[in-house]
Amino acid sequence: MTCKEIAKLLSEQQDHKLPMSRRIMIRLHLAMCIFCRRLAKHLQFIHRLSEAVGDTATDSLIAVGDVVPAALSSEAKTRIKKTLTQRNI
Amino acid sequence: MSDTPASSKPDPSTWVDEHGDVLFRFAVLRVKDTHVAEDLVQETFIAALEGLATFRGGSSIRTWLVGILKHKIVDYFRKSAREVPSTDLAALEEETEDELFNRWGQWRHLPSKWRETPDNLLENKEFWGVFLRCLDALPNSLRRAFALREIDGLKTDEICKILSITATNLWVILHRARGKLRDCLDTNWFREGRSRGETRGADAS
């Protein structure tokens, strides 16, 4: 199997159980190929960090990111408050 | 975390100040569009207000609100999957090249050695900046599946239903999303002069 095929299987095995034959192929390939070994590690890495993103405890760290807007705009806040007050009467 | 007892009279205006930003970040991370995220937050508060009687106080108000928001986001994905059928899915499967390999099956960039562990990086704000930028660079079709699977840990069959795609499609999409993200992190963090380095290329990836 080529690295490309192995790469696809490495991703897929995170989403469904691969047949034994495939798992053996992965194992044999990883034993000889440092790049696919690294890739496998990178995929686990991404999995672990993404999980952390989902964890609201990490929220304060994510809040510092300049990519994701850190807060509701004040206009949005005012608008939402207004809508809620009308509903809550 | 505030633990407002369910018995106290709800004050939506304080909800917005106390929980609005957290809910908004939660939403925008997953749906990308800030206006959609704002709407989802508002819908969450409205639903919470209407369903306040069902709040048992076993968890904090915030956890409860996040739970409602999760449903709102899934509903939004479901609705937009119905409205805009993903036309590029067939093409996606036939593609001979991907993020990692060229058409001859050769590595585009040999994966470098990642020396840090995820746990070391959890507290690294600069790294999160790069990570989120890379996540943000994913096209919506990849990002949604990735968020549902890797960030929220949903089962694959649930995701297929939400996004109206087959399992095979989902595996291809996730493979591509992970490949893109891996490549972006490799380029902008691990192989770069990292930490103090620029995050160049993240948008173009």
# chains A, B, ... in the order shown; residues from 1 in each chain; ligands from 1
$ residues_around --residues "Phe45 (chain A)" --least-positions-apart "6" --cutoff "12 Å" --atoms "only C-alpha atoms" --output "PyMOL selection string"
(chain A and resi 38-39+51-52) or (chain B and resi 114-122+131+150+178+181-182+185-186)
$ interface_residues --of "chain B" --to "chain A" --cutoff "7 Å" --atoms "only C-alpha atoms" --output "PyMOL selection string"
chain B and resi 12-13+16+20-21+24-25+28-29+38+42+46+101+105+110-111+113+118+125+128-129+132-133+150-152+156+171+175+182
$ write_last_selection --atoms "N, CA, C and O atoms" --output "compact mmCIF listing (two decimals), in the first residue's frame"
# COMPACT_ATOMS: atom_id res chain seq x y z
N PRO B 12 -33.29 38.09 32.06
CA PRO B 12 -32.61 37.87 30.78
C PRO B 12 -31.50 38.88 30.51
O PRO B 12 -30.52 38.54 29.85
N SER B 13 -31.66 40.08 31.03
CA SER B 13 -30.62 41.06 30.72
C SER B 13 -29.30 40.68 31.38
O SER B 13 -28.24 40.90 30.81
N VAL B 16 -27.59 37.84 29.32
CA VAL B 16 -26.83 38.29 28.16
C VAL B 16 -25.43 38.73 28.58
O VAL B 16 -24.45 38.38 27.94
N GLY B 20 -23.56 35.67 27.48
CA GLY B 20 -23.64 35.99 26.05
C GLY B 20 -22.35 35.73 25.29
O GLY B 20 -22.35 35.10 24.24
N ASP B 21 -21.23 36.21 25.85
CA ASP B 21 -19.96 36.09 25.13
C ASP B 21 -19.52 34.64 24.99
O ASP B 21 -19.04 34.23 23.93
N PHE B 24 -21.68 33.02 22.45
CA PHE B 24 -21.35 33.56 21.13
C PHE B 24 -20.07 32.91 20.59
O PHE B 24 -20.01 32.49 19.44
N ARG B 25 -19.04 32.80 21.42
CA ARG B 25 -17.79 32.16 20.98
C ARG B 25 -18.02 30.71 20.61
O ARG B 25 -17.49 30.21 19.63
N VAL B 28 -19.81 30.83 17.20
CA VAL B 28 -19.07 31.36 16.05
C VAL B 28 -17.93 30.41 15.65
O VAL B 28 -17.57 30.29 14.49
N LEU B 29 -17.42 29.70 16.61
CA LEU B 29 -16.40 28.70 16.34
C LEU B 29 -16.93 27.61 15.42
O LEU B 29 -16.20 27.02 14.64
N GLU B 38 -24.86 35.26 16.27
CA GLU B 38 -25.66 36.16 17.12
C GLU B 38 -27.12 35.70 17.17
O GLU B 38 -27.74 35.67 18.24
N GLN B 42 -29.35 34.45 20.40
CA GLN B 42 -30.64 35.02 20.76
C GLN B 42 -31.73 33.94 20.84
O GLN B 42 -32.50 33.90 21.80
N ILE B 46 -34.09 32.86 24.05
CA ILE B 46 -35.56 32.82 23.95
C ILE B 46 -36.08 31.44 24.37
O ILE B 46 -37.00 31.31 25.18
N PHE B 101 -1.09 14.69 -0.65
CA PHE B 101 -0.37 14.03 -1.73
C PHE B 101 -0.69 14.67 -3.08
O PHE B 101 -1.81 15.12 -3.31
N GLY B 105 0.74 10.58 -6.07
CA GLY B 105 0.77 9.88 -4.80
C GLY B 105 1.99 10.18 -3.94
O GLY B 105 2.27 9.48 -2.99
N LEU B 110 6.78 16.51 3.29
CA LEU B 110 7.00 15.40 4.21
C LEU B 110 6.63 15.87 5.61
O LEU B 110 7.05 16.96 6.03
N PRO B 111 5.83 15.09 6.34
CA PRO B 111 5.44 15.51 7.69
C PRO B 111 6.69 15.69 8.57
O PRO B 111 7.57 14.85 8.56
N LYS B 113 8.67 16.44 12.28
CA LYS B 113 8.52 15.90 13.62
C LYS B 113 7.91 16.96 14.51
O LYS B 113 8.42 18.08 14.59
N PRO B 118 0.44 17.66 22.89
CA PRO B 118 -0.80 18.47 22.97
C PRO B 118 -0.94 19.13 24.35
O PRO B 118 -1.34 20.28 24.45
N LYS B 125 -1.25 30.32 24.47
CA LYS B 125 -2.23 31.16 23.79
C LYS B 125 -1.84 31.43 22.34
O LYS B 125 -2.70 31.51 21.46
N TRP B 128 -2.91 28.58 20.25
CA TRP B 128 -4.36 28.57 19.98
C TRP B 128 -4.72 29.54 18.87
O TRP B 128 -5.60 29.27 18.07
N GLY B 129 -3.99 30.66 18.83
CA GLY B 129 -4.22 31.61 17.75
C GLY B 129 -4.01 30.94 16.40
O GLY B 129 -4.84 31.07 15.50
N LEU B 132 -6.72 28.17 15.72
CA LEU B 132 -8.03 28.70 15.31
C LEU B 132 -7.99 29.30 13.92
O LEU B 132 -8.94 29.21 13.17
N ARG B 133 -6.84 29.90 13.60
CA ARG B 133 -6.70 30.45 12.25
C ARG B 133 -6.76 29.32 11.22
O ARG B 133 -7.39 29.45 10.16
N GLU B 150 -14.88 16.15 15.56
CA GLU B 150 -13.68 16.26 16.38
C GLU B 150 -13.87 17.19 17.58
O GLU B 150 -13.31 16.95 18.64
N ILE B 151 -14.62 18.26 17.40
CA ILE B 151 -14.78 19.20 18.51
C ILE B 151 -15.90 18.73 19.43
O ILE B 151 -15.75 18.72 20.65
N ASP B 152 -17.03 18.32 18.85
CA ASP B 152 -18.16 17.93 19.69
C ASP B 152 -18.27 16.43 19.90
O ASP B 152 -19.08 15.98 20.71
N THR B 156 -20.58 9.22 14.04
CA THR B 156 -20.59 9.51 12.60
C THR B 156 -21.99 9.38 12.00
O THR B 156 -22.34 10.15 11.12
N TRP B 171 -16.41 10.31 5.60
CA TRP B 171 -15.01 9.91 5.83
C TRP B 171 -14.06 10.70 4.94
O TRP B 171 -13.00 11.12 5.37
N HIS B 175 -11.29 13.26 6.30
CA HIS B 175 -9.90 13.04 5.89
C HIS B 175 -9.30 14.32 5.33
O HIS B 175 -8.18 14.71 5.65
N ARG B 182 -3.78 19.66 9.43
CA ARG B 182 -2.43 19.16 9.71
C ARG B 182 -1.40 19.97 8.95
O ARG B 182 -0.38 20.38 9.49
$ atom_distance --atom1 "CA of Ser59 (chain B)" --atom2 "CA of Leu23 (chain B)"
16.1 Å
$ atom_distance --atom1 "CA of Lys155 (chain B)" --atom2 "CA of Leu40 (chain B)"
22.9 Å
$ atom_distance --atom1 "CA of Glu75 (chain A)" --atom2 "CA of Thr34 (chain B)"
12.6 Å
$ select_by_dssp --residues "chain A" --states "helix (DSSP H, G or I)" --output "PyMOL selection string"
chain A and resi 3-12+20-32+34-54+56-62+74-88
